[in-house]
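Here is the file structure16.pdb (PDB, C-alpha atoms and all ligand atoms).
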```pdb
ATOM      1  CA  MET K   7      88.593  90.202  89.549  1.00  0.00           C
ATOM      2  CA  ASP K   8      87.244  92.887  91.846  1.00  0.00           C
ATOM      3  CA  ASP K   9      85.139  95.264  89.757  1.00  0.00           C
ATOM      4  CA  ARG K  10      83.100  96.881  92.541  1.00  0.00           C
ATOM      5  CA  PRO K  11      83.027 100.656  92.356  1.00  0.00           C
ATOM      6  CA  GLY K  12      85.804 102.115  94.410  1.00  0.00           C
ATOM      7  CA  SER K  13      88.098  99.139  94.030  1.00  0.00           C
ATOM      8  CA  ALA K  14      90.406 101.168  91.782  1.00  0.00           C
ATOM      9  CA  LEU K  15      90.545 103.816  94.493  1.00  0.00           C
ATOM     10  CA  ARG K  16      91.300 101.186  97.088  1.00  0.00           C
ATOM     11  CA  THR K  17      94.087  99.814  94.921  1.00  0.00           C
ATOM     12  CA  LEU K  18      95.479 103.318  94.645  1.00  0.00           C
ATOM     13  CA  GLU K  19      95.238 103.703  98.409  1.00  0.00           C
ATOM     14  CA  ILE K  20      97.066 100.438  99.047  1.00  0.00           C
ATOM     15  CA  ARG K  21      99.731 101.456  96.580  1.00  0.00           C
ATOM     16  CA  ARG K  22     100.163 104.844  98.231  1.00  0.00           C
ATOM     17  CA  ASN K  23     100.492 103.215 101.664  1.00  0.00           C
ATOM     18  CA  LEU K  24     102.996 100.741 100.307  1.00  0.00           C
ATOM     19  CA  ARG K  25     105.010 103.532  98.728  1.00  0.00           C
ATOM     20  CA  GLU K  26     105.014 105.481 102.013  1.00  0.00           C
ATOM     21  CA  GLU K  27     106.003 102.405 103.955  1.00  0.00           C
ATOM     22  CA  ILE K  28     108.842 101.588 101.581  1.00  0.00           C
ATOM     23  CA  THR K  29     109.982 105.226 101.642  1.00  0.00           C
ATOM     24  CA  GLU K  30     110.020 105.165 105.437  1.00  0.00           C
ATOM     25  CA  THR K  31     111.947 101.895 105.557  1.00  0.00           C
ATOM     26  CA  LEU K  32     114.485 103.014 102.936  1.00  0.00           C
ATOM     27  CA  ARG K  33     114.920 106.333 104.746  1.00  0.00           C
ATOM     28  CA  ALA K  34     115.678 104.508 107.995  1.00  0.00           C
ATOM     29  CA  ALA K  35     118.029 102.182 106.078  1.00  0.00           C
ATOM     30  CA  VAL K  36     119.952 105.206 104.767  1.00  0.00           C
ATOM     31  CA  ILE K  37     120.113 106.943 108.167  1.00  0.00           C
ATOM     32  CA  SER K  38     121.317 103.805 109.934  1.00  0.00           C
ATOM     33  CA  GLY K  39     123.871 103.037 107.218  1.00  0.00           C
ATOM     34  CA  GLU K  40     122.201  99.661 106.505  1.00  0.00           C
ATOM     35  CA  LEU K  41     121.912 100.874 102.930  1.00  0.00           C
ATOM     36  CA  ARG K  42     125.536 101.674 102.303  1.00  0.00           C
ATOM     37  CA  PRO K  43     126.635 104.935 100.716  1.00  0.00           C
ATOM     38  CA  GLY K  44     128.717 104.833  97.568  1.00  0.00           C
ATOM     39  CA  VAL K  45     127.261 101.493  96.399  1.00  0.00           C
ATOM     40  CA  VAL K  46     124.832 101.422  93.450  1.00  0.00           C
ATOM     41  CA  HIS K  47     121.476  99.913  94.453  1.00  0.00           C
ATOM     42  CA  SER K  48     118.847  98.965  91.892  1.00  0.00           C
ATOM     43  CA  ALA K  49     115.073  99.131  92.245  1.00  0.00           C
ATOM     44  CA  PRO K  50     114.511  95.505  91.068  1.00  0.00           C
ATOM     45  CA  GLN K  51     117.088  94.228  93.566  1.00  0.00           C
ATOM     46  CA  LEU K  52     115.419  96.071  96.458  1.00  0.00           C
ATOM     47  CA  ALA K  53     111.949  95.144  95.191  1.00  0.00           C
ATOM     48  CA  ALA K  54     112.921  91.477  95.350  1.00  0.00           C
ATOM     49  CA  GLN K  55     113.972  91.980  98.970  1.00  0.00           C
ATOM     50  CA  PHE K  56     110.691  93.729  99.799  1.00  0.00           C
ATOM     51  CA  GLY K  57     108.690  91.100  97.949  1.00  0.00           C
ATOM     52  CA  VAL K  58     106.933  93.791  95.889  1.00  0.00           C
ATOM     53  CA  SER K  59     107.060  95.024  92.308  1.00  0.00           C
ATOM     54  CA  ALA K  60     109.743  97.513  91.333  1.00  0.00           C
ATOM     55  CA  THR K  61     107.245 100.363  90.800  1.00  0.00           C
ATOM     56  CA  PRO K  62     106.624 101.377  94.450  1.00  0.00           C
ATOM     57  CA  VAL K  63     110.344 101.036  95.128  1.00  0.00           C
ATOM     58  CA  ARG K  64     111.148 103.339  92.199  1.00  0.00           C
ATOM     59  CA  GLU K  65     108.545 105.820  93.462  1.00  0.00           C
ATOM     60  CA  ALA K  66     109.989 105.672  96.969  1.00  0.00           C
ATOM     61  CA  MET K  67     113.445 106.274  95.532  1.00  0.00           C
ATOM     62  CA  LEU K  68     112.183 109.379  93.724  1.00  0.00           C
ATOM     63  CA  ASP K  69     110.795 110.681  97.048  1.00  0.00           C
ATOM     64  CA  LEU K  70     114.147 110.128  98.759  1.00  0.00           C
ATOM     65  CA  ALA K  71     116.012 111.721  95.853  1.00  0.00           C
ATOM     66  CA  LYS K  72     113.873 114.846  96.340  1.00  0.00           C
ATOM     67  CA  GLU K  73     114.896 114.850  99.995  1.00  0.00           C
ATOM     68  CA  GLY K  74     118.530 114.616  98.894  1.00  0.00           C
ATOM     69  CA  LEU K  75     119.137 111.266 100.601  1.00  0.00           C
ATOM     70  CA  ILE K  76     119.926 109.426  97.414  1.00  0.00           C
ATOM     71  CA  GLU K  77     121.120 110.302  93.974  1.00  0.00           C
ATOM     72  CA  ALA K  78     119.355 108.761  90.979  1.00  0.00           C
ATOM     73  CA  LEU K  79     121.666 107.266  88.364  1.00  0.00           C
ATOM     74  CA  ARG K  80     120.116 107.000  84.928  1.00  0.00           C
ATOM     75  CA  TYR K  81     119.403 103.368  83.917  1.00  0.00           C
ATOM     76  CA  LYS K  82     121.406 102.049  86.845  1.00  0.00           C
ATOM     77  CA  GLY K  83     119.533 102.669  90.054  1.00  0.00           C
ATOM     78  CA  PHE K  84     120.635 104.982  92.811  1.00  0.00           C
ATOM     79  CA  ARG K  85     123.431 105.766  95.162  1.00  0.00           C
ATOM     80  CA  VAL K  86     123.068 106.863  98.782  1.00  0.00           C
ATOM     81  CA  THR K  87     124.599 110.300  99.229  1.00  0.00           C
ATOM     82  CA  GLU K  88     127.410 110.594 101.694  1.00  0.00           C
ATOM     83  CA  PRO K  89     127.519 113.672 103.918  1.00  0.00           C
ATOM     84  CA  THR K  90     130.951 114.753 105.118  1.00  0.00           C
ATOM     85  CA  GLY K  91     131.901 114.740 108.794  1.00  0.00           C
ATOM     86  CA  LYS K  92     131.403 118.494 108.824  1.00  0.00           C
ATOM     87  CA  ASP K  93     127.913 118.129 107.311  1.00  0.00           C
ATOM     88  CA  LEU K  94     126.974 115.722 110.110  1.00  0.00           C
ATOM     89  CA  ASP K  95     128.493 118.031 112.698  1.00  0.00           C
ATOM     90  CA  ASP K  96     126.552 120.990 111.331  1.00  0.00           C
ATOM     91  CA  LEU K  97     123.297 118.997 111.301  1.00  0.00           C
ATOM     92  CA  SER K  98     123.854 117.925 114.923  1.00  0.00           C
ATOM     93  CA  GLU K  99     124.483 121.523 115.911  1.00  0.00           C
ATOM     94  CA  LEU K 100     121.251 122.662 114.278  1.00  0.00           C
ATOM     95  CA  ARG K 101     119.296 119.862 115.909  1.00  0.00           C
ATOM     96  CA  SER K 102     120.690 120.827 119.311  1.00  0.00           C
ATOM     97  CA  LEU K 103     119.805 124.475 118.736  1.00  0.00           C
ATOM     98  CA  ILE K 104     116.209 123.547 117.978  1.00  0.00           C
ATOM     99  CA  GLU K 105     115.411 120.392 119.931  1.00  0.00           C
ATOM    100  CA  VAL K 106     117.092 121.126 123.268  1.00  0.00           C
ATOM    101  CA  PRO K 107     115.321 124.434 124.084  1.00  0.00           C
ATOM    102  CA  THR K 108     112.043 123.115 122.647  1.00  0.00           C
ATOM    103  CA  VAL K 109     112.042 120.099 124.953  1.00  0.00           C
ATOM    104  CA  ARG K 110     112.831 122.455 127.824  1.00  0.00           C
ATOM    105  CA  ARG K 111     109.939 124.702 126.841  1.00  0.00           C
ATOM    106  CA  ILE K 112     107.551 121.727 126.617  1.00  0.00           C
ATOM    107  CA  ALA K 113     108.550 120.532 130.107  1.00  0.00           C
ATOM    108  CA  ASP K 114     108.277 124.064 131.419  1.00  0.00           C
ATOM    109  CA  ALA K 115     104.787 124.636 130.000  1.00  0.00           C
ATOM    110  CA  GLY K 116     103.489 121.374 131.440  1.00  0.00           C
ATOM    111  CA  VAL K 117     101.961 118.613 129.328  1.00  0.00           C
ATOM    112  CA  ASP K 118      98.663 116.762 129.546  1.00  0.00           C
ATOM    113  CA  PRO K 119      99.590 113.420 131.187  1.00  0.00           C
ATOM    114  CA  ALA K 120      97.539 111.599 128.522  1.00  0.00           C
ATOM    115  CA  ALA K 121      99.825 113.022 125.804  1.00  0.00           C
ATOM    116  CA  ILE K 122     102.865 111.664 127.666  1.00  0.00           C
ATOM    117  CA  GLU K 123     101.223 108.256 128.002  1.00  0.00           C
ATOM    118  CA  ARG K 124     100.587 108.151 124.251  1.00  0.00           C
ATOM    119  CA  LEU K 125     104.350 108.535 123.666  1.00  0.00           C
ATOM    120  CA  ARG K 126     105.380 105.745 126.036  1.00  0.00           C
ATOM    121  CA  PRO K 127     104.705 102.856 123.605  1.00  0.00           C
ATOM    122  CA  LEU K 128     107.022 104.547 121.059  1.00  0.00           C
ATOM    123  CA  ALA K 129     109.726 104.942 123.711  1.00  0.00           C
ATOM    124  CA  ALA K 130     109.295 101.245 124.521  1.00  0.00           C
ATOM    125  CA  GLU K 131     109.473 100.337 120.818  1.00  0.00           C
ATOM    126  CA  THR K 132     112.806 102.146 120.305  1.00  0.00           C
ATOM    127  CA  GLU K 133     114.160 100.150 123.238  1.00  0.00           C
ATOM    128  CA  ALA K 134     112.699  96.820 122.060  1.00  0.00           C
ATOM    129  CA  ALA K 135     114.041  97.367 118.527  1.00  0.00           C
ATOM    130  CA  ALA K 136     117.476  98.198 119.972  1.00  0.00           C
ATOM    131  CA  ALA K 137     117.380  95.005 122.057  1.00  0.00           C
ATOM    132  CA  ARG K 138     116.607  92.824 119.033  1.00  0.00           C
ATOM    133  CA  GLN K 139     119.163  94.793 116.976  1.00  0.00           C
ATOM    134  CA  ASP K 140     116.596  95.813 114.376  1.00  0.00           C
ATOM    135  CA  LEU K 141     118.227  99.069 113.346  1.00  0.00           C
ATOM    136  CA  ILE K 142     115.624 100.051 110.768  1.00  0.00           C
ATOM    137  CA  ALA K 143     112.751  99.647 113.241  1.00  0.00           C
ATOM    138  CA  HIS K 144     114.828 101.485 115.837  1.00  0.00           C
ATOM    139  CA  VAL K 145     115.543 104.474 113.601  1.00  0.00           C
ATOM    140  CA  THR K 146     111.893 104.619 112.452  1.00  0.00           C
ATOM    141  CA  ALA K 147     110.497 104.549 116.010  1.00  0.00           C
ATOM    142  CA  ASP K 148     113.178 106.985 117.217  1.00  0.00           C
ATOM    143  CA  MET K 149     112.299 109.514 114.499  1.00  0.00           C
ATOM    144  CA  GLU K 150     108.589 109.235 115.259  1.00  0.00           C
ATOM    145  CA  PHE K 151     109.147 109.521 119.011  1.00  0.00           C
ATOM    146  CA  HIS K 152     111.179 112.726 118.749  1.00  0.00           C
ATOM    147  CA  LEU K 153     108.879 114.353 116.203  1.00  0.00           C
ATOM    148  CA  ARG K 154     105.778 113.580 118.240  1.00  0.00           C
ATOM    149  CA  LEU K 155     107.445 114.862 121.399  1.00  0.00           C
ATOM    150  CA  LEU K 156     108.408 118.106 119.626  1.00  0.00           C
ATOM    151  CA  ALA K 157     104.868 118.378 118.219  1.00  0.00           C
ATOM    152  CA  LEU K 158     103.731 119.114 121.779  1.00  0.00           C
ATOM    153  CA  ALA K 159     105.260 122.584 121.296  1.00  0.00           C
ATOM    154  CA  ASP K 160     102.552 123.180 118.661  1.00  0.00           C
ATOM    155  CA  ASN K 161     104.800 124.423 115.858  1.00  0.00           C
ATOM    156  CA  PRO K 162     104.425 122.261 112.724  1.00  0.00           C
ATOM    157  CA  HIS K 163     107.189 124.174 110.894  1.00  0.00           C
ATOM    158  CA  LEU K 164     109.622 123.298 113.653  1.00  0.00           C
ATOM    159  CA  VAL K 165     108.647 119.611 113.447  1.00  0.00           C
ATOM    160  CA  GLU K 166     109.147 119.564 109.660  1.00  0.00           C
ATOM    161  CA  THR K 167     112.535 121.263 109.969  1.00  0.00           C
ATOM    162  CA  VAL K 168     113.698 118.683 112.498  1.00  0.00           C
ATOM    163  CA  ARG K 169     112.344 115.850 110.325  1.00  0.00           C
ATOM    164  CA  SER K 170     114.480 117.101 107.457  1.00  0.00           C
ATOM    165  CA  LEU K 171     117.592 117.557 109.638  1.00  0.00           C
ATOM    166  CA  ARG K 172     117.181 114.047 111.038  1.00  0.00           C
ATOM    167  CA  ALA K 173     116.626 112.522 107.602  1.00  0.00           C
ATOM    168  CA  GLN K 174     119.895 114.021 106.356  1.00  0.00           C
ATOM    169  CA  SER K 175     121.829 112.730 109.363  1.00  0.00           C
ATOM    170  CA  ARG K 176     123.604 109.373 109.498  1.00  0.00           C
ATOM    171  CA  ILE K 177     124.238 107.141 112.472  1.00  0.00           C
ATOM    172  CA  TYR K 178     126.834 104.796 111.046  1.00  0.00           C
ATOM    173  CA  GLY K 179     128.029 103.210 114.266  1.00  0.00           C
ATOM    174  CA  LEU K 180     124.583 101.926 115.198  1.00  0.00           C
ATOM    175  CA  ARG K 181     125.209  98.290 114.321  1.00  0.00           C
ATOM    176  CA  SER K 182     128.350  97.894 116.396  1.00  0.00           C
ATOM    177  CA  LEU K 183     126.665  99.781 119.227  1.00  0.00           C
ATOM    178  CA  ALA K 184     123.684  97.397 119.051  1.00  0.00           C
ATOM    179  CA  GLU K 185     125.996  94.389 118.977  1.00  0.00           C
ATOM    180  CA  ARG K 186     127.768  95.628 122.082  1.00  0.00           C
ATOM    181  CA  GLY K 187     124.374  96.028 123.778  1.00  0.00           C
ATOM    182  CA  GLU K 188     124.875  99.776 124.245  1.00  0.00           C
ATOM    183  CA  LEU K 189     122.038 100.913 122.024  1.00  0.00           C
ATOM    184  CA  VAL K 190     119.439  99.833 124.596  1.00  0.00           C
ATOM    185  CA  ALA K 191     120.880 102.260 127.168  1.00  0.00           C
ATOM    186  CA  SER K 192     120.615 105.141 124.702  1.00  0.00           C
ATOM    187  CA  ALA K 193     117.060 104.089 123.789  1.00  0.00           C
ATOM    188  CA  ARG K 194     116.117 103.961 127.480  1.00  0.00           C
ATOM    189  CA  GLU K 195     116.703 107.720 127.615  1.00  0.00           C
ATOM    190  CA  HIS K 196     113.416 108.196 125.774  1.00  0.00           C
ATOM    191  CA  THR K 197     111.457 106.905 128.748  1.00  0.00           C
ATOM    192  CA  GLN K 198     113.609 108.989 131.112  1.00  0.00           C
ATOM    193  CA  LEU K 199     112.909 112.032 128.960  1.00  0.00           C
ATOM    194  CA  LEU K 200     109.162 111.429 129.228  1.00  0.00           C
ATOM    195  CA  ASP K 201     109.473 111.066 133.010  1.00  0.00           C
ATOM    196  CA  LEU K 202     111.290 114.424 133.229  1.00  0.00           C
ATOM    197  CA  VAL K 203     108.752 116.161 131.002  1.00  0.00           C
ATOM    198  CA  ALA K 204     105.882 114.630 133.010  1.00  0.00           C
ATOM    199  CA  ALA K 205     107.515 115.932 136.212  1.00  0.00           C
ATOM    200  CA  ALA K 206     107.874 119.379 134.588  1.00  0.00           C
ATOM    201  CA  ASP K 207     111.626 119.167 135.287  1.00  0.00           C
ATOM    202  CA  ALA K 208     112.669 121.634 132.569  1.00  0.00           C
ATOM    203  CA  PRO K 209     116.415 121.827 133.381  1.00  0.00           C
ATOM    204  CA  GLY K 210     116.587 118.021 133.680  1.00  0.00           C
ATOM    205  CA  ALA K 211     114.788 117.469 130.357  1.00  0.00           C
ATOM    206  CA  GLU K 212     117.074 120.012 128.674  1.00  0.00           C
ATOM    207  CA  ARG K 213     120.223 118.306 130.055  1.00  0.00           C
ATOM    208  CA  LEU K 214     119.089 114.848 128.973  1.00  0.00           C
ATOM    209  CA  MET K 215     118.069 116.002 125.487  1.00  0.00           C
ATOM    210  CA  ARG K 216     121.480 117.638 125.005  1.00  0.00           C
ATOM    211  CA  ARG K 217     123.232 114.442 126.093  1.00  0.00           C
ATOM    212  CA  HIS K 218     120.965 112.313 123.884  1.00  0.00           C
ATOM    213  CA  ILE K 219     121.834 114.265 120.709  1.00  0.00           C
ATOM    214  CA  GLY K 220     125.491 114.321 121.772  1.00  0.00           C
ATOM    215  CA  HIS K 221     125.487 110.501 121.874  1.00  0.00           C
ATOM    216  CA  LEU K 222     124.571 110.291 118.221  1.00  0.00           C
ATOM    217  CA  ARG K 223     127.292 112.707 117.275  1.00  0.00           C
ATOM    218  CA  GLY K 224     129.751 110.517 119.183  1.00  0.00           C
ATOM    219  CA  ILE K 225     128.459 107.355 117.513  1.00  0.00           C
ATOM    220  CA  TRP K 226     129.035 108.392 113.927  1.00  0.00           C
ATOM    221  CA  ALA K 227     132.355 110.025 114.782  1.00  0.00           C
ATOM    222  CA  ARG K 228     133.633 106.644 115.995  1.00  0.00           C
ATOM    223  CA  ALA K 229     132.462 104.671 112.987  1.00  0.00           C
ATOM    224  CA  GLU K 230     132.668 105.814 109.405  1.00  0.00           C
ATOM    225  CA  PRO K 231     130.844 103.627 106.848  1.00  0.00           C
ATOM    226  CA  GLU K 232     134.079 102.092 105.502  1.00  0.00           C
ATOM    227  CA  SER K 233     134.766 100.496 108.859  1.00  0.00           C
ATOM    228  CA  SER K 234     131.259  99.145 109.401  1.00  0.00           C
ATOM    229  CA  PRO K 235     130.855  95.383 109.065  1.00  0.00           C
ATOM    230  CA  THR K 236     130.246  94.021 105.559  1.00  0.00           C
ATOM    231  CA  ARG K 237     126.926  92.597 106.648  1.00  0.00           C
ATOM    232  CA  SER K 238     125.478  96.107 106.792  1.00  0.00           C
ATOM    233  CA  ASN K 239     124.743  95.899 103.098  1.00  0.00           C
ATOM    234  CA  ALA K 240     121.472  95.865 101.202  1.00  0.00           C
ATOM    235  CA  GLY K 241     121.077  92.125 101.835  1.00  0.00           C
ATOM    236  CA  GLN K 242     120.498  92.829 105.501  1.00  0.00           C
ATOM    237  CA  LEU K 243     117.639  95.130 104.604  1.00  0.00           C
ATOM    238  CA  GLY K 244     115.691  92.230 103.125  1.00  0.00           C
ATOM    239  CA  THR K 245     115.556  90.406 106.447  1.00  0.00           C
ATOM    240  CA  SER K 246     113.465  93.030 108.179  1.00  0.00           C
ATOM    241  CA  ALA K 247     111.679  94.832 105.361  1.00  0.00           C
ATOM    242  CA  PRO K 248     109.117  92.302 104.054  1.00  0.00           C
ATOM    243  CA  ARG K 249     107.808  91.503 107.528  1.00  0.00           C
ATOM    244  CA  LYS K 250     106.907  95.148 107.972  1.00  0.00           C
ATOM    245  CA  ARG K 251     104.479  94.951 105.114  1.00  0.00           C
ATOM    246  CA  ARG K 252     100.817  95.439 106.009  1.00  0.00           C
ATOM    247  CA  ARG K 253      97.795  94.996 103.828  1.00  0.00           C
TER     248      ARG K 253
HETATM  249 ZN    ZN K 301     116.294 109.304 120.357  1.00  0.00          ZN
END
```
Can the structure from this file be put into structure tokens for me?
Amino acid sequence: MDDRPGSALRTLEIRRNLREEITETLRAAVISGELRPGVVHSAPQLAAQFGVSATPVREAMLDLAKEGLIEALRYKGFRVTEPTGKDLDDLSELRSLIEVPTVRRIADAGVDPAAIERLRPLAAETEAAAARQDLIAHVTADMEFHLRLLALADNPHLVETVRSLRAQSRIYGLRSLAERGELVASAREHTQLLDLVAAADAPGAERLMRRHIGHLRGIWARAEPESSPTRSNAGQLGTSAPRKRRR
């Protein structure tokens, strides 16, 4: 038993990190469609897959319910909310309105080369995750890449707005795209985007960012959740989630 002073605080810290990590993983699972909409998921079932107790999973679920990603069902668990095609279209439109001109502005203003270099490992991670068909890792790295790129415009409100828009979006066709090997090409655009920003090619960065968002819109339009393979259920989540755990 660890009774040194501060150990309770450390325990709290570990628990908070675990909760954040589980929230992040579940969020990516919802966005990628790996956690299927319409199905009832329970905290104990997911906790077993994460190899943790149900408490941090329940807490993570409450966080996601606040974000509107899931709907809590009393005594049963939760259900992933299902945006309509129009919802997804509207979200894409908003993202384009914000992200495309912002990326242009960043390229135009010129960026410290060191800041670009710090983003390259994330660009590489989205590509590596796409290559090994780890959709949850891909979505997580993709979200972080775009938010950190946008952060270069020095407007935290803008970054938070985009985070929320992205969290509400769904990219249902991701698995079939990964299986066809096409996700890597889309992920490679992150590195190309960094090259354009580094070269201060504002029109080029704007064009690529527009195309990049357009891809996602095309992906979900081709594949609604009903038509996604049965393996994209909660069971799949368990294969990648526990390994992500850090202590
Ligand atoms: Zn991206």
Could you work out how far atom CA of K:Arg169 lies from atom CA of K:Asp148, giving the answer in Å with one decimal? 11.3 Å
Near-ligand residues for ligand ZN 301 (chain K), threshold 10 Å, all atoms listed in the file, as a PyMOL selection string: chain K and resi 129+132-133+144-145+147-153+192-197+199+215+218-219+221-222
Kindly save the residues from that selection, with C-alpha atoms included, as a PDB file, keeping the file's coordinate frame.
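So the final result, stored in selection.pdb, reads:
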```
ATOM      1  CA  ALA K 129     109.726 104.942 123.711  1.00  0.00           C
ATOM      2  CA  THR K 132     112.806 102.146 120.305  1.00  0.00           C
ATOM      3  CA  GLU K 133     114.160 100.150 123.238  1.00  0.00           C
ATOM      4  CA  HIS K 144     114.828 101.485 115.837  1.00  0.00           C
ATOM      5  CA  VAL K 145     115.543 104.474 113.601  1.00  0.00           C
ATOM      6  CA  ALA K 147     110.497 104.549 116.010  1.00  0.00           C
ATOM      7  CA  ASP K 148     113.178 106.985 117.217  1.00  0.00           C
ATOM      8  CA  MET K 149     112.299 109.514 114.499  1.00  0.00           C
ATOM      9  CA  GLU K 150     108.589 109.235 115.259  1.00  0.00           C
ATOM     10  CA  PHE K 151     109.147 109.521 119.011  1.00  0.00           C
ATOM     11  CA  HIS K 152     111.179 112.726 118.749  1.00  0.00           C
ATOM     12  CA  LEU K 153     108.879 114.353 116.203  1.00  0.00           C
ATOM     13  CA  SER K 192     120.615 105.141 124.702  1.00  0.00           C
ATOM     14  CA  ALA K 193     117.060 104.089 123.789  1.00  0.00           C
ATOM     15  CA  ARG K 194     116.117 103.961 127.480  1.00  0.00           C
ATOM     16  CA  GLU K 195     116.703 107.720 127.615  1.00  0.00           C
ATOM     17  CA  HIS K 196     113.416 108.196 125.774  1.00  0.00           C
ATOM     18  CA  THR K 197     111.457 106.905 128.748  1.00  0.00           C
ATOM     19  CA  LEU K 199     112.909 112.032 128.960  1.00  0.00           C
ATOM     20  CA  MET K 215     118.069 116.002 125.487  1.00  0.00           C
ATOM     21  CA  HIS K 218     120.965 112.313 123.884  1.00  0.00           C
ATOM     22  CA  ILE K 219     121.834 114.265 120.709  1.00  0.00           C
ATOM     23  CA  HIS K 221     125.487 110.501 121.874  1.00  0.00           C
ATOM     24  CA  LEU K 222     124.571 110.291 118.221  1.00  0.00           C
TER      25      LEU K 222
END
```
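The residue that comes closest to K:Ala34, out of K:Leu171, K:Val203, K:Leu141, K:Val165 and on the basis of all atoms listed in the file, is K:Leu141.
Picture a line from atom CA of K:Gly210 to atom CA of K:Ala136; it runs 24.1 Å.
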Hey, which of K:Arg80, K:Arg64, K:Lys72, K:Arg138 ends up closest to K:Arg186? Count only C-alpha atoms. K:Arg138
Can you give me, as a PyMOL selection string, the residues this file yields under the PyMOL selection byres (((chain K and resi 70) around 12) and not hetatm)? chain K and resi 25-26+28-37+63-69+71-78+84-87+170+173-174
Write the residues of the preceding selection, restricted to C-alpha atoms, as a PDB file, in the coordinates of the input.
```
ATOM      1  CA  ARG K  25     105.010 103.532  98.728  1.00  0.00           C
ATOM      2  CA  GLU K  26     105.014 105.481 102.013  1.00  0.00           C
ATOM      3  CA  ILE K  28     108.842 101.588 101.581  1.00  0.00           C
ATOM      4  CA  THR K  29     109.982 105.226 101.642  1.00  0.00           C
ATOM      5  CA  GLU K  30     110.020 105.165 105.437  1.00  0.00           C
ATOM      6  CA  THR K  31     111.947 101.895 105.557  1.00  0.00           C
ATOM      7  CA  LEU K  32     114.485 103.014 102.936  1.00  0.00           C
ATOM      8  CA  ARG K  33     114.920 106.333 104.746  1.00  0.00           C
ATOM      9  CA  ALA K  34     115.678 104.508 107.995  1.00  0.00           C
ATOM     10  CA  ALA K  35     118.029 102.182 106.078  1.00  0.00           C
ATOM     11  CA  VAL K  36     119.952 105.206 104.767  1.00  0.00           C
ATOM     12  CA  ILE K  37     120.113 106.943 108.167  1.00  0.00           C
ATOM     13  CA  VAL K  63     110.344 101.036  95.128  1.00  0.00           C
ATOM     14  CA  ARG K  64     111.148 103.339  92.199  1.00  0.00           C
ATOM     15  CA  GLU K  65     108.545 105.820  93.462  1.00  0.00           C
ATOM     16  CA  ALA K  66     109.989 105.672  96.969  1.00  0.00           C
ATOM     17  CA  MET K  67     113.445 106.274  95.532  1.00  0.00           C
ATOM     18  CA  LEU K  68     112.183 109.379  93.724  1.00  0.00           C
ATOM     19  CA  ASP K  69     110.795 110.681  97.048  1.00  0.00           C
ATOM     20  CA  ALA K  71     116.012 111.721  95.853  1.00  0.00           C
ATOM     21  CA  LYS K  72     113.873 114.846  96.340  1.00  0.00           C
ATOM     22  CA  GLU K  73     114.896 114.850  99.995  1.00  0.00           C
ATOM     23  CA  GLY K  74     118.530 114.616  98.894  1.00  0.00           C
ATOM     24  CA  LEU K  75     119.137 111.266 100.601  1.00  0.00           C
ATOM     25  CA  ILE K  76     119.926 109.426  97.414  1.00  0.00           C
ATOM     26  CA  GLU K  77     121.120 110.302  93.974  1.00  0.00           C
ATOM     27  CA  ALA K  78     119.355 108.761  90.979  1.00  0.00           C
ATOM     28  CA  PHE K  84     120.635 104.982  92.811  1.00  0.00           C
ATOM     29  CA  ARG K  85     123.431 105.766  95.162  1.00  0.00           C
ATOM     30  CA  VAL K  86     123.068 106.863  98.782  1.00  0.00           C
ATOM     31  CA  THR K  87     124.599 110.300  99.229  1.00  0.00           C
ATOM     32  CA  SER K 170     114.480 117.101 107.457  1.00  0.00           C
ATOM     33  CA  ALA K 173     116.626 112.522 107.602  1.00  0.00           C
ATOM     34  CA  GLN K 174     119.895 114.021 106.356  1.00  0.00           C
TER      35      GLN K 174
END
```
Determine the nearest neighbour of K:Leu41 from the options K:Arg216, K:His163, K:Arg176, K:Lys92, counting all atoms listed in the file. K:Arg176
Selected residue of minimal separation from K:Pro127 among K:Ser175, K:Leu24, K:Leu200, K:Glu105, counting all atoms listed in the file: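 Checking each of K:Ser175, K:Leu24, K:Leu200, K:Glu105 against K:Pro127, counting all atoms listed in the file, the winner is K:Leu200.
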Can you work out which one of K:Gly116, K:Pro162, K:Gly179, K:Pro62 has the shortest atom-to-atom distance to K:Asn23, counting all atoms listed in the file?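 Among the listed residues, K:Pro62 lies closest to K:Asn23.
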What does the structure give for the distance between atom CA of K:Val106 and atom CA of K:Arg213, in Å to one decimal?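 Separation between atom CA of K:Val106 and atom CA of K:Arg213: 8.0 Å.
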Restricting the calculation to all atoms listed in the file: of K:Glu19, K:Glu40, K:Glu88, K:Asp207, which residue gets closest to K:Arg110?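 Among the listed residues, the smallest separation from K:Arg110 belongs to K:Asp207.
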